[in-house]
file work-v6.pdb (PDB, C-alpha atoms)
ATOM      1  CA  MET A   1     172.496 154.856  78.921
ATOM      2  CA  GLU A   2     169.530 153.362  80.758
ATOM      3  CA  PRO A   3     166.767 155.808  81.854
ATOM      4  CA  GLN A   4     167.214 155.314  85.614
ATOM      5  CA  ARG A   5     170.989 155.827  85.317
ATOM      6  CA  LEU A   6     170.467 159.000  83.279
ATOM      7  CA  SER A   7     168.053 160.483  85.823
ATOM      8  CA  LEU A   8     170.403 159.567  88.665
ATOM      9  CA  LEU A   9     173.350 161.124  86.837
ATOM     10  CA  VAL A  10     171.443 164.402  86.346
ATOM     11  CA  ALA A  11     170.537 164.430  90.032
ATOM     12  CA  ALA A  12     174.127 163.694  91.034
ATOM     13  CA  LEU A  13     175.470 166.550  88.919
ATOM     14  CA  ALA A  14     172.834 168.868  90.355
ATOM     15  CA  GLY A  15     173.904 167.771  93.825
ATOM     16  CA  CYS A  16     177.366 169.191  93.159
ATOM     17  CA  LEU A  17     175.792 172.654  93.361
ATOM     18  CA  LEU A  18     174.541 171.917  96.899
ATOM     19  CA  PRO A  19     176.676 172.173 100.055
ATOM     20  CA  ALA A  20     178.873 169.081 100.093
ATOM     21  CA  ARG A  21     178.434 166.774 103.059
ATOM     22  CA  GLY A  22     180.043 163.451 102.092
ATOM     23  CA  CYS A  23     178.386 160.111 102.655
ATOM     24  CA  VAL A  24     180.180 158.984 105.833
ATOM     25  CA  ILE A  25     179.261 162.236 107.569
ATOM     26  CA  CYS A  26     175.644 161.147 107.112
ATOM     27  CA  ASP A  27     176.207 158.511 109.789
ATOM     28  CA  PRO A  28     175.468 159.941 113.288
ATOM     29  CA  LYS A  29     178.148 157.698 114.796
ATOM     30  CA  VAL A  30     180.830 159.424 112.675
ATOM     31  CA  VAL A  31     179.588 162.869 113.725
ATOM     32  CA  GLU A  32     179.671 161.788 117.363
ATOM     33  CA  GLU A  33     183.202 160.406 117.064
ATOM     34  CA  LEU A  34     184.537 163.596 115.440
ATOM     35  CA  SER A  35     182.968 165.639 118.235
ATOM     36  CA  SER A  36     184.599 163.377 120.828
ATOM     37  CA  LEU A  37     187.941 163.724 119.049
ATOM     38  CA  GLU A  38     187.715 167.517 119.352
ATOM     39  CA  THR A  39     186.539 167.719 122.954
ATOM     40  CA  ASN A  40     188.206 164.714 124.584
ATOM     41  CA  TYR A  41     191.373 163.820 122.650
ATOM     42  CA  LEU A  42     192.818 167.050 121.238
ATOM     43  CA  PRO A  43     193.198 168.919 124.560
ATOM     44  CA  GLY A  44     195.764 166.451 125.859
ATOM     45  CA  HIS A  45     197.500 165.639 122.578
ATOM     46  CA  LEU A  46     197.765 168.876 120.572
ATOM     47  CA  GLU A  47     198.463 172.506 121.392
ATOM     48  CA  ALA A  48     195.263 174.487 121.832
ATOM     49  CA  LYS A  49     196.181 177.005 119.139
ATOM     50  CA  HIS A  50     196.010 174.261 116.502
ATOM     51  CA  HIS A  51     192.672 172.737 117.557
ATOM     52  CA  LYS A  52     190.374 174.886 115.424
ATOM     53  CA  ASP A  53     192.445 174.595 112.256
ATOM     54  CA  VAL A  54     192.937 170.832 112.576
ATOM     55  CA  MET A  55     189.243 170.134 113.166
ATOM     56  CA  LYS A  56     188.288 172.336 110.225
ATOM     57  CA  ARG A  57     190.603 170.349 107.979
ATOM     58  CA  VAL A  58     189.314 167.040 109.390
ATOM     59  CA  LYS A  59     185.674 167.889 108.722
ATOM     60  CA  GLN A  60     186.510 169.089 105.230
ATOM     61  CA  ALA A  61     188.434 165.892 104.515
ATOM     62  CA  VAL A  62     185.455 163.800 105.595
ATOM     63  CA  LYS A  63     183.112 165.876 103.459
ATOM     64  CA  ASP A  64     185.463 165.334 100.513
ATOM     65  CA  PHE A  65     184.632 161.639 100.617
ATOM     66  CA  GLN A  66     181.862 162.444  98.163
ATOM     67  CA  ASP A  67     184.294 164.281  95.898
ATOM     68  CA  LEU A  68     184.642 161.351  93.522
ATOM     69  CA  PRO A  69     184.269 161.384  89.720
ATOM     70  CA  ILE A  70     180.658 160.781  88.710
ATOM     71  CA  ASP A  71     180.675 157.530  86.744
ATOM     72  CA  GLU A  72     177.780 155.182  86.126
ATOM     73  CA  ASP A  73     180.058 152.190  86.740
ATOM     74  CA  SER A  74     181.749 153.370  89.960
ATOM     75  CA  TYR A  75     179.954 156.248  91.695
ATOM     76  CA  MET A  76     176.692 158.103  91.107
ATOM     77  CA  GLY A  77     176.469 160.114  94.307
ATOM     78  CA  VAL A  78     174.313 157.562  96.136
ATOM     79  CA  VAL A  79     174.816 154.464  98.289
ATOM     80  CA  ASP A  80     172.594 152.161 100.282
ATOM     81  CA  GLU A  81     172.533 151.802 104.072
ATOM     82  CA  ALA A  82     174.743 148.696 104.053
ATOM     83  CA  THR A  83     177.493 150.452 102.069
ATOM     84  CA  LEU A  84     177.346 153.510 104.331
ATOM     85  CA  GLU A  85     177.562 151.247 107.380
ATOM     86  CA  LYS A  86     180.681 149.488 106.051
ATOM     87  CA  ALA A  87     182.453 152.740 105.169
ATOM     88  CA  SER A  88     181.574 154.347 108.503
ATOM     89  CA  TRP A  89     182.692 151.319 110.503
ATOM     90  CA  SER A  90     186.050 151.301 108.667
ATOM     91  CA  LEU A  91     186.633 154.981 109.439
ATOM     92  CA  LEU A  92     185.605 154.638 113.097
ATOM     93  CA  LYS A  93     187.915 151.645 113.516
ATOM     94  CA  ASP A  94     190.893 153.641 112.188
ATOM     95  CA  LEU A  95     190.092 156.654 114.372
ATOM     96  CA  LYS A  96     189.947 154.420 117.425
ATOM     97  CA  ARG A  97     193.312 152.929 116.513
ATOM     98  CA  ILE A  98     194.812 156.442 116.560
ATOM     99  CA  THR A  99     193.279 157.467 119.862
ATOM    100  CA  ASP A 100     194.249 154.161 121.475
ATOM    101  CA  SER A 101     197.866 154.693 120.404
ATOM    102  CA  ASP A 102     197.970 157.945 122.440
ATOM    103  CA  VAL A 103     200.038 159.620 119.709
ATOM    104  CA  LYS A 104     200.586 163.392 120.169
ATOM    105  CA  GLY A 105     201.601 166.579 118.406
ATOM    106  CA  GLU A 106     202.681 166.691 114.797
ATOM    107  CA  LEU A 107     202.881 162.905 114.603
ATOM    108  CA  PHE A 108     199.214 162.742 115.587
ATOM    109  CA  VAL A 109     198.227 165.208 112.851
ATOM    110  CA  ASP A 110     200.171 163.316 110.186
ATOM    111  CA  GLU A 111     198.701 159.994 111.291
ATOM    112  CA  LEU A 112     195.191 161.438 111.345
ATOM    113  CA  PHE A 113     195.217 162.831 107.803
ATOM    114  CA  TRP A 114     196.992 159.799 106.405
ATOM    115  CA  THR A 115     194.173 157.698 107.903
ATOM    116  CA  LEU A 116     191.520 159.953 106.353
ATOM    117  CA  ARG A 117     193.111 159.591 102.904
ATOM    118  CA  LEU A 118     193.025 155.805 103.225
ATOM    119  CA  ALA A 119     189.441 155.951 104.471
ATOM    120  CA  LYS A 120     188.413 157.911 101.383
ATOM    121  CA  ASP A 121     189.977 155.253  99.139
ATOM    122  CA  THR A 122     188.112 152.588 101.101
ATOM    123  CA  PHE A 123     184.842 154.466 100.644
ATOM    124  CA  ALA A 124     185.515 154.730  96.896
ATOM    125  CA  SER A 125     185.994 150.947  96.642
ATOM    126  CA  TYR A 126     182.780 150.290  98.610
ATOM    127  CA  ALA A 127     180.873 152.758  96.433
ATOM    128  CA  ALA A 128     182.141 151.092  93.246
ATOM    129  CA  GLN A 129     181.165 147.668  94.556
ATOM    130  CA  PHE A 130     177.693 148.987  95.373
ATOM    131  CA  GLN A 131     177.343 150.513  91.925
ATOM    132  CA  LYS A 132     178.286 147.275  90.164
ATOM    133  CA  GLU A 133     176.532 144.710  92.343
ATOM    134  CA  VAL A 134     173.761 146.348  94.367
ATOM    135  CA  PHE A 135     172.473 149.394  92.510
ATOM    136  CA  CYS A 136     169.261 148.473  90.661
ATOM    137  CA  PRO A 137     169.935 144.703  90.583
ATOM    138  CA  ASN A 138     166.655 143.875  88.838
ATOM    139  CA  LYS A 139     167.047 142.588  85.270
ATOM    140  CA  CYS A 140     163.413 143.346  84.498
ATOM    141  CA  GLY A 141     160.342 145.012  85.976
ATOM    142  CA  LEU A 142     160.202 147.838  88.505
ATOM    143  CA  MET A 143     162.234 147.843  91.716
ATOM    144  CA  LEU A 144     161.831 150.551  94.347
ATOM    145  CA  GLN A 145     165.255 150.833  96.010
ATOM    146  CA  PRO A 146     165.930 153.014  99.076
ATOM    147  CA  LEU A 147     169.135 155.050  98.616
ATOM    148  CA  ILE A 148     171.083 157.702 100.521
ATOM    149  CA  TRP A 149     172.092 160.805  98.569
ATOM    150  CA  CYS A 150     175.590 161.802  99.620
ATOM    151  CA  SER A 151     175.169 165.500  98.852
ATOM    152  CA  THR A 152     172.221 165.982 101.217
ATOM    153  CA  CYS A 153     172.223 162.845 103.424
ATOM    154  CA  GLN A 154     168.578 162.377 102.470
ATOM    155  CA  LYS A 155     167.146 158.895 102.120
ATOM    156  CA  GLN A 156     164.844 158.522  99.131
ATOM    157  CA  VAL A 157     163.296 155.707  97.125
ATOM    158  CA  HIS A 158     164.718 155.375  93.625
ATOM    159  CA  SER A 159     162.687 153.713  90.847
ATOM    160  CA  CYS A 160     164.762 151.141  88.957
ATOM    161  CA  ARG A 161     162.789 150.708  85.748
ATOM    162  CA  LYS A 162     163.638 147.890  83.341
ATOM    163  CA  SER A 163     161.630 145.920  80.785
ATOM    164  CA  ARG A 164     158.062 145.565  82.061
ATOM    165  CA  SER A 165     157.822 141.865  81.233
ATOM    166  CA  CYS A 166     160.041 139.381  83.059
ATOM    167  CA  GLY A 167     159.695 136.758  80.344
ATOM    168  CA  GLU A 168     157.859 133.496  79.767
ATOM    169  CA  ARG A 169     158.399 130.126  81.380
ATOM    170  CA  LYS A 170     157.443 126.658  80.183
ATOM    171  CA  VAL A 171     156.104 124.286  82.816
ATOM    172  CA  LYS A 172     155.498 120.571  82.280
ATOM    173  CA  VAL A 173     153.564 118.526  84.801
ATOM    174  CA  HIS A 174     152.116 115.012  84.705
ATOM    175  CA  GLN A 175     148.418 114.390  85.103
ATOM    176  CA  MET A 176     147.283 113.804  88.727
ATOM    177  CA  GLU A 177     150.402 115.572  90.063
ATOM    178  CA  ASP A 178     150.797 119.070  91.571
ATOM    179  CA  MET A 179     151.469 122.149  89.439
ATOM    180  CA  ILE A 180     153.556 124.889  91.126
ATOM    181  CA  LEU A 181     154.066 128.304  89.515
ATOM    182  CA  ASP A 182     156.773 130.408  91.217
ATOM    183  CA  CYS A 183     156.662 134.164  90.601
ATOM    184  CA  GLU A 184     159.348 135.293  93.065
ATOM    185  CA  LEU A 185     162.607 136.883  91.862
ATOM    186  CA  ASN A 186     165.745 137.477  93.930
ATOM    187  CA  TRP A 187     165.332 141.229  94.229
ATOM    188  CA  HIS A 188     161.731 141.103  95.440
ATOM    189  CA  LYS A 189     162.850 140.707  99.078
ATOM    190  CA  VAL A 190     164.909 143.930  99.069
ATOM    191  CA  SER A 191     162.523 146.098  97.080
ATOM    192  CA  GLN A 192     160.186 148.535  98.803
ATOM    193  CA  GLY A 193     156.601 149.359  97.940
ATOM    194  CA  LEU A 194     155.530 145.860  96.860
ATOM    195  CA  THR A 195     151.955 144.727  97.454
ATOM    196  CA  ASP A 196     150.381 141.399  96.359
ATOM    197  CA  TYR A 197     151.094 138.584  93.920
ATOM    198  CA  SER A 198     148.146 137.978  91.575
ATOM    199  CA  PHE A 199     147.803 134.832  89.448
ATOM    200  CA  TYR A 200     145.501 134.776  86.415
ATOM    201  CA  ARG A 201     144.363 132.065  84.007
ATOM    202  CA  VAL A 202     144.627 133.433  80.472
ATOM    203  CA  TRP A 203     142.088 132.024  78.017
ATOM    204  CA  LYS A 204     142.354 131.757  74.257
ATOM    205  CA  ASN A 205     140.231 134.870  73.737
ATOM    206  CA  ASN A 206     142.753 136.795  75.947
ATOM    207  CA  SER A 207     140.265 137.133  78.803
ATOM    208  CA  GLU A 208     141.594 136.361  82.281
ATOM    209  CA  THR A 209     140.311 134.770  85.464
ATOM    210  CA  LEU A 210     141.863 135.654  88.822
ATOM    211  CA  MET A 211     142.916 132.453  90.562
ATOM    212  CA  ALA A 212     144.792 133.724  93.643
ATOM    213  CA  LYS A 213     145.966 136.971  95.228
ATOM    214  CA  GLY A 214     148.108 137.611  98.300
ATOM    215  CA  GLN A 215     151.607 137.677  99.779
ATOM    216  CA  GLU A 216     152.427 134.123  98.667
ATOM    217  CA  PRO A 217     154.645 134.186  95.544
ATOM    218  CA  THR A 218     153.603 130.715  94.349
ATOM    219  CA  LEU A 219     150.416 129.196  92.957
ATOM    220  CA  THR A 220     149.813 125.491  93.615
ATOM    221  CA  LYS A 221     147.200 123.420  91.770
ATOM    222  CA  THR A 222     146.880 119.865  93.065
ATOM    223  CA  MET A 223     146.128 116.794  90.941
ATOM    224  CA  VAL A 224     146.079 118.552  87.595
ATOM    225  CA  SER A 225     144.091 117.265  84.653
ATOM    226  CA  PRO A 226     144.339 118.021  80.912
ATOM    227  CA  LYS A 227     141.937 120.952  81.314
ATOM    228  CA  ASP A 228     144.572 122.756  83.460
ATOM    229  CA  ALA A 229     146.933 123.057  80.503
ATOM    230  CA  GLY A 230     147.280 126.533  79.046
ATOM    231  CA  THR A 231     148.648 130.002  79.824
ATOM    232  CA  TYR A 232     148.875 131.654  83.220
ATOM    233  CA  ARG A 233     150.046 135.136  84.193
ATOM    234  CA  CYS A 234     151.586 136.363  87.438
ATOM    235  CA  GLU A 235     151.696 140.028  88.387
ATOM    236  CA  LEU A 236     153.368 141.577  91.449
ATOM    237  CA  GLY A 237     151.817 144.906  92.353
ATOM    238  CA  THR A 238     153.445 148.040  93.786
ATOM    239  CA  VAL A 239     152.279 151.183  95.546
ATOM    240  CA  GLN A 240     152.722 152.885  92.197
ATOM    241  CA  SER A 241     150.501 152.328  89.183
ATOM    242  CA  THR A 242     153.119 150.162  87.464
ATOM    243  CA  PRO A 243     153.469 146.472  88.452
ATOM    244  CA  ALA A 244     156.865 145.296  89.683
ATOM    245  CA  THR A 245     156.866 141.977  87.804
ATOM    246  CA  ILE A 246     154.866 140.254  85.052
ATOM    247  CA  ILE A 247     155.639 136.619  84.197
ATOM    248  CA  HIS A 248     153.752 134.305  81.826
ATOM    249  CA  PHE A 249     153.666 130.532  82.347
ATOM    250  CA  HIS A 250     152.837 128.080  79.557
ATOM    251  CA  VAL A 251     151.693 124.850  81.195
ATOM    252  CA  THR A 252     151.698 121.469  79.449
ATOM    253  CA  VAL A 253     149.943 118.542  81.147
ATOM    254  CA  LEU A 254     151.608 115.239  80.286
ATOM    255  CA  PRO A 255     149.953 111.792  80.547
ATOM    256  CA  LYS A 256     149.847 110.174  83.939
ATOM    257  CA  ARG A 257     153.046 108.447  84.952
ATOM    258  CA  ILE A 258     152.971 104.638  84.557
ATOM    259  CA  VAL A 259     154.431 102.917  87.575
ATOM    260  CA  GLU A 260     155.418  99.312  86.898
ATOM    261  CA  GLU A 261     154.988  96.980  89.856
ATOM    262  CA  THR A 262     157.702  94.328  90.097
ATOM    263  CA  PRO A 263     156.721  91.050  91.858
ATOM    264  CA  SER A 264     158.385  90.203  95.150
ATOM    265  CA  PRO A 265     161.197  87.630  94.841
ATOM    266  CA  ASN A 266     159.443  85.508  97.495
ATOM    267  CA  THR A 267     156.204  85.319  95.515
ATOM    268  CA  GLU A 268     155.676  82.238  93.333
ATOM    269  CA  THR A 269     154.115  82.917  89.974
ATOM    270  CA  GLN A 270     152.598  80.371  87.606
ATOM    271  CA  ASP A 271     153.533  80.927  84.014
ATOM    272  CA  GLU A 272     150.777  80.629  81.481
ATOM    273  CA  THR A 273     151.707  79.473  78.032
ATOM    274  CA  ALA A 274     149.463  80.513  75.202
ATOM    275  CA  PRO A 275     148.955  78.195  72.210
ATOM    276  CA  GLY A 276     151.881  78.390  69.848
ATOM    277  CA  GLU A 277     154.192  79.778  72.503
ATOM    278  CA  VAL A 278     157.168  78.058  74.017
ATOM    279  CA  THR A 279     158.120  78.586  77.612
ATOM    280  CA  LEU A 280     161.652  77.828  78.630
ATOM    281  CA  ASP A 281     162.191  76.111  81.983
ATOM    282  CA  ARG A 282     164.058  78.212  84.423
ATOM    283  CA  PRO A 283     167.613  77.003  85.078
ATOM    284  CA  GLN A 284     168.028  75.188  88.349
ATOM    285  CA  THR A 285     169.683  77.154  91.081
ATOM    286  CA  SER A 286     172.444  75.816  93.269
ATOM    287  CA  ALA A 287     169.926  75.416  96.090
ATOM    288  CA  THR A 288     167.698  73.277  93.852
ATOM    289  CA  LEU A 289     170.625  71.120  92.720
ATOM    290  CA  GLN A 290     171.738  70.656  96.277
ATOM    291  CA  SER A 291     168.291  69.468  97.387
ATOM    292  CA  GLN A 292     168.212  66.839  94.576
ATOM    293  CA  SER A 293     171.655  65.259  95.369
ATOM    294  CA  PRO A 294     171.958  62.804  98.352
ATOM    295  CA  GLY A 295     173.318  64.211 101.550
ATOM    296  CA  PRO A 296     176.581  62.970 103.158
ATOM    297  CA  GLU A 297     174.713  61.114 105.948
ATOM    298  CA  LYS A 298     172.844  58.970 103.412
ATOM    299  CA  VAL A 299     176.063  58.138 101.607
ATOM    300  CA  LEU A 300     177.766  57.055 104.825
ATOM    301  CA  ARG A 301     174.762  54.960 105.819
ATOM    302  CA  HIS A 302     174.777  53.166 102.468
ATOM    303  CA  ARG A 303     178.498  52.406 102.831
ATOM    304  CA  LEU A 304     178.067  50.955 106.347
ATOM    305  CA  VAL A 305     175.245  48.701 105.211
ATOM    306  CA  GLY A 306     177.415  47.497 102.340
ATOM    307  CA  LEU A 307     180.280  46.650 104.688
ATOM    308  CA  LEU A 308     177.989  44.688 107.032
ATOM    309  CA  ILE A 309     176.556  42.666 104.188
ATOM    310  CA  GLY A 310     180.060  41.933 102.906
ATOM    311  CA  ALA A 311     181.251  40.790 106.388
ATOM    312  CA  ILE A 312     178.283  38.403 106.758
ATOM    313  CA  VAL A 313     178.959  36.850 103.367
ATOM    314  CA  VAL A 314     182.662  36.330 104.185
ATOM    315  CA  ARG A 315     181.851  34.731 107.563
ATOM    316  CA  ARG A 316     179.401  32.235 106.093
ATOM    317  CA  GLY A 317     181.964  31.266 103.487
ATOM    318  CA  LEU A 318     184.484  30.452 106.195
ATOM    319  CA  GLU A 319     182.026  28.242 108.055
TER     320      GLU A 319
END
call {"tool": "encode", "arguments": {"input": "work-v6.pdb", "output": "structure tokens"}}
result
Amino acid sequence: MEPQRLSLLVAALAGCLLPARGCVICDPKVVEELSSLETNYLPGHLEAKHHKDVMKRVKQAVKDFQDLPIDEDSYMGVVDEATLEKASWSLLKDLKRITDSDVKGELFVDELFWTLRLAKDTFASYAAQFQKEVFCPNKCGLMLQPLIWCSTCQKQVHSCRKSRSCGERKVKVHQMEDMILDCELNWHKVSQGLTDYSFYRVWKNNSETLMAKGQEPTLTKTMVSPKDAGTYRCELGTVQSTPATIIHFHVTVLPKRIVEETPSPNTETQDETAPGEVTLDRPQTSATLQSQSPGPEKVLRHRLVGLLIGAIVVRRGLE
């Protein structure tokens, strides 16, 4: 079991010894709605002698929302604000459906507690989803995640500790182009207690030179040259003594890209033939062949001239 899960499990088990409150009861909107149910709805929909007992059972049922098996894959006694908001909104929606229906008496009581049982199942599904997808999502480093403890309704920051190093990355960039080193990870935006990104150049003797420090998660070096090749290190600081993220970059500077310029099709070029080389004439295009053959007007003119000459010869012969 991972260290942060073990510590959370111990805290969750210890929380069972405290007065149970249940996560949804931590939302002030739920408390307000239950109070409104008691003061505004019950008087006109249930006999007064049952009010105290029903409200006691309702509050206990809501508190029992936290009465779920402690399991590191489904529920550890904590949720985040988003999960609490979803569970609370679902419960409030169902309570409003009951009050809008204007149901009374025993039917109201049955409908109310049936709704609370469904709401608890809904909370359990939300809690399991949180545990699998949201709780400590960092694969490496240190994430400071704000959580709500269901047993006390207290909001505290939990330290999600994983491997200190977040790995090494290989970066290849061509000479005279821009080198960009990106140190940001997905969970950085939801973690608390983060400070600055620091980028260092690591030399062969393991000494380091600070190149940049600030809120920007990337380092950009324009028009790199071979001397920029080497190892770089990024470190994201926290309010604690331990950094949140450490990433190493191994940069390789490749030769400058060769861009071949192709001549324009409208540009005439004169081929040069070196001694001993043979240059083949380019095949004539249809346009060239057309320009070399006589046009139809010239052909017609030649035929007319021939006819005139023939007529003159025939006439003289008759004379």
call {"tool": "closest_residue", "arguments": {"input": "work-v6.pdb", "among": "A:Gln192, A:Asn205, A:Asn186, A:Thr39", "to": "A:Cys160", "atoms": "only C-alpha atoms"}}
result
A:Gln192
call {"tool": "closest_residue", "arguments": {"input": "work-v6.pdb", "among": "A:Asp73, A:Asp27, A:Asp228, A:Asp67", "to": "A:Asp178", "atoms": "only C-alpha atoms"}}
result
A:Asp228
call {"tool": "atom_distance", "arguments": {"input": "work-v6.pdb", "atom1": "atom CA of A:Cys183", "atom2": "atom CA of A:Thr222"}}
result
17.5 Å
call {"tool": "atom_distance", "arguments": {"input": "work-v6.pdb", "atom1": "atom CA of A:Leu91", "atom2": "atom CA of A:Gln60"}}
result
14.7 Å
call {"tool": "closest_residue", "arguments": {"input": "work-v6.pdb", "among": "A:Thr209, A:Gln145, A:Gln156, A:Gln129", "to": "A:Ser191", "atoms": "all atoms listed in the file"}}
result
A:Gln145
call {"tool": "atom_distance", "arguments": {"input": "work-v6.pdb", "atom1": "atom CA of A:Gly105", "atom2": "atom CA of A:Ala87"}}
result
27.1 Å
call {"tool": "residues_near_point", "arguments": {"input": "work-v6.pdb", "point": "(173.4, 151.5, 106.1)", "cutoff": "12 Å", "atoms": "all atoms listed in the file", "output": "JSON, numbers by chain"}}
result
{"A": [23, 24, 26, 27, 28, 29, 78, 79, 80, 81, 82, 83, 84, 85, 86, 87, 88, 89, 130, 146, 147, 148, 153, 155]}
call {"tool": "axis_aligned_box", "arguments": {"input": "work-v6.pdb", "around": "stretch 92-109 of chain A", "padding_each_side": "6 Å", "output": "JSON"}}
result
{"center_x": 194.2, "center_y": 159.2, "center_z": 117.3, "size_x": 29.3, "size_y": 27.0, "size_z": 22.3}
call {"tool": "closest_residue", "arguments": {"input": "work-v6.pdb", "among": "A:Thr122, A:Ser159, A:Gln240, A:Ser151", "to": "A:Cys136", "atoms": "all atoms listed in the file"}}
result
A:Ser159
call {"tool": "build_atoms", "arguments": {"input": "work-v6.pdb", "residues": "stretch 229-246 of chain A", "atoms": "N, CA and C atoms", "output": "PDB file, in the frame of the given file"}}
result
ATOM      1  N   ALA A 229     145.901 122.604  81.432  1.00  0.00           N
ATOM      2  CA  ALA A 229     146.933 123.057  80.503  1.00  0.00           C
ATOM      3  C   ALA A 229     146.546 124.399  79.908  1.00  0.00           C
ATOM      4  N   GLY A 230     147.554 125.230  79.634  1.00  0.00           N
ATOM      5  CA  GLY A 230     147.280 126.533  79.046  1.00  0.00           C
ATOM      6  C   GLY A 230     148.231 127.592  79.557  1.00  0.00           C
ATOM      7  N   THR A 231     147.808 128.864  79.468  1.00  0.00           N
ATOM      8  CA  THR A 231     148.648 130.002  79.824  1.00  0.00           C
ATOM      9  C   THR A 231     148.166 130.641  81.124  1.00  0.00           C
ATOM     10  N   TYR A 232     149.148 130.973  81.966  1.00  0.00           N
ATOM     11  CA  TYR A 232     148.875 131.654  83.220  1.00  0.00           C
ATOM     12  C   TYR A 232     149.749 132.907  83.293  1.00  0.00           C
ATOM     13  N   ARG A 233     149.286 133.890  84.049  1.00  0.00           N
ATOM     14  CA  ARG A 233     150.046 135.136  84.193  1.00  0.00           C
ATOM     15  C   ARG A 233     150.148 135.508  85.665  1.00  0.00           C
ATOM     16  N   CYS A 234     151.362 135.895  86.072  1.00  0.00           N
ATOM     17  CA  CYS A 234     151.586 136.363  87.438  1.00  0.00           C
ATOM     18  C   CYS A 234     151.958 137.835  87.393  1.00  0.00           C
ATOM     19  N   GLU A 235     151.402 138.596  88.312  1.00  0.00           N
ATOM     20  CA  GLU A 235     151.696 140.028  88.387  1.00  0.00           C
ATOM     21  C   GLU A 235     151.928 140.422  89.841  1.00  0.00           C
ATOM     22  N   LEU A 236     153.071 141.060  90.116  1.00  0.00           N
ATOM     23  CA  LEU A 236     153.368 141.577  91.449  1.00  0.00           C
ATOM     24  C   LEU A 236     153.116 143.068  91.457  1.00  0.00           C
ATOM     25  N   GLY A 237     152.204 143.506  92.312  1.00  0.00           N
ATOM     26  CA  GLY A 237     151.817 144.906  92.353  1.00  0.00           C
ATOM     27  C   GLY A 237     152.761 145.766  93.184  1.00  0.00           C
ATOM     28  N   THR A 238     152.660 147.070  93.013  1.00  0.00           N
ATOM     29  CA  THR A 238     153.445 148.040  93.786  1.00  0.00           C
ATOM     30  C   THR A 238     152.518 149.153  94.259  1.00  0.00           C
ATOM     31  N   VAL A 239     153.060 150.037  95.089  1.00  0.00           N
ATOM     32  CA  VAL A 239     152.279 151.183  95.546  1.00  0.00           C
ATOM     33  C   VAL A 239     152.105 152.193  94.418  1.00  0.00           C
ATOM     34  N   GLN A 240     152.900 152.049  93.374  1.00  0.00           N
ATOM     35  CA  GLN A 240     152.722 152.885  92.197  1.00  0.00           C
ATOM     36  C   GLN A 240     151.745 152.210  91.233  1.00  0.00           C
ATOM     37  N   SER A 241     151.461 152.882  90.148  1.00  0.00           N
ATOM     38  CA  SER A 241     150.501 152.328  89.183  1.00  0.00           C
ATOM     39  C   SER A 241     151.103 151.226  88.323  1.00  0.00           C
ATOM     40  N   THR A 242     152.430 151.145  88.297  1.00  0.00           N
ATOM     41  CA  THR A 242     153.119 150.162  87.464  1.00  0.00           C
ATOM     42  C   THR A 242     153.424 148.907  88.273  1.00  0.00           C
ATOM     43  N   PRO A 243     153.129 147.712  87.733  1.00  0.00           N
ATOM     44  CA  PRO A 243     153.469 146.472  88.452  1.00  0.00           C
ATOM     45  C   PRO A 243     154.975 146.273  88.511  1.00  0.00           C
ATOM     46  N   ALA A 244     155.432 145.563  89.540  1.00  0.00           N
ATOM     47  CA  ALA A 244     156.865 145.296  89.683  1.00  0.00           C
ATOM     48  C   ALA A 244     157.313 144.188  88.743  1.00  0.00           C
ATOM     49  N   THR A 245     156.476 143.160  88.581  1.00  0.00           N
ATOM     50  CA  THR A 245     156.866 141.977  87.804  1.00  0.00           C
ATOM     51  C   THR A 245     155.664 141.402  87.077  1.00  0.00           C
ATOM     52  N   ILE A 246     155.870 140.995  85.819  1.00  0.00           N
ATOM     53  CA  ILE A 246     154.866 140.254  85.052  1.00  0.00           C
ATOM     54  C   ILE A 246     155.563 139.048  84.432  1.00  0.00           C
TER      55      ILE A 246
END
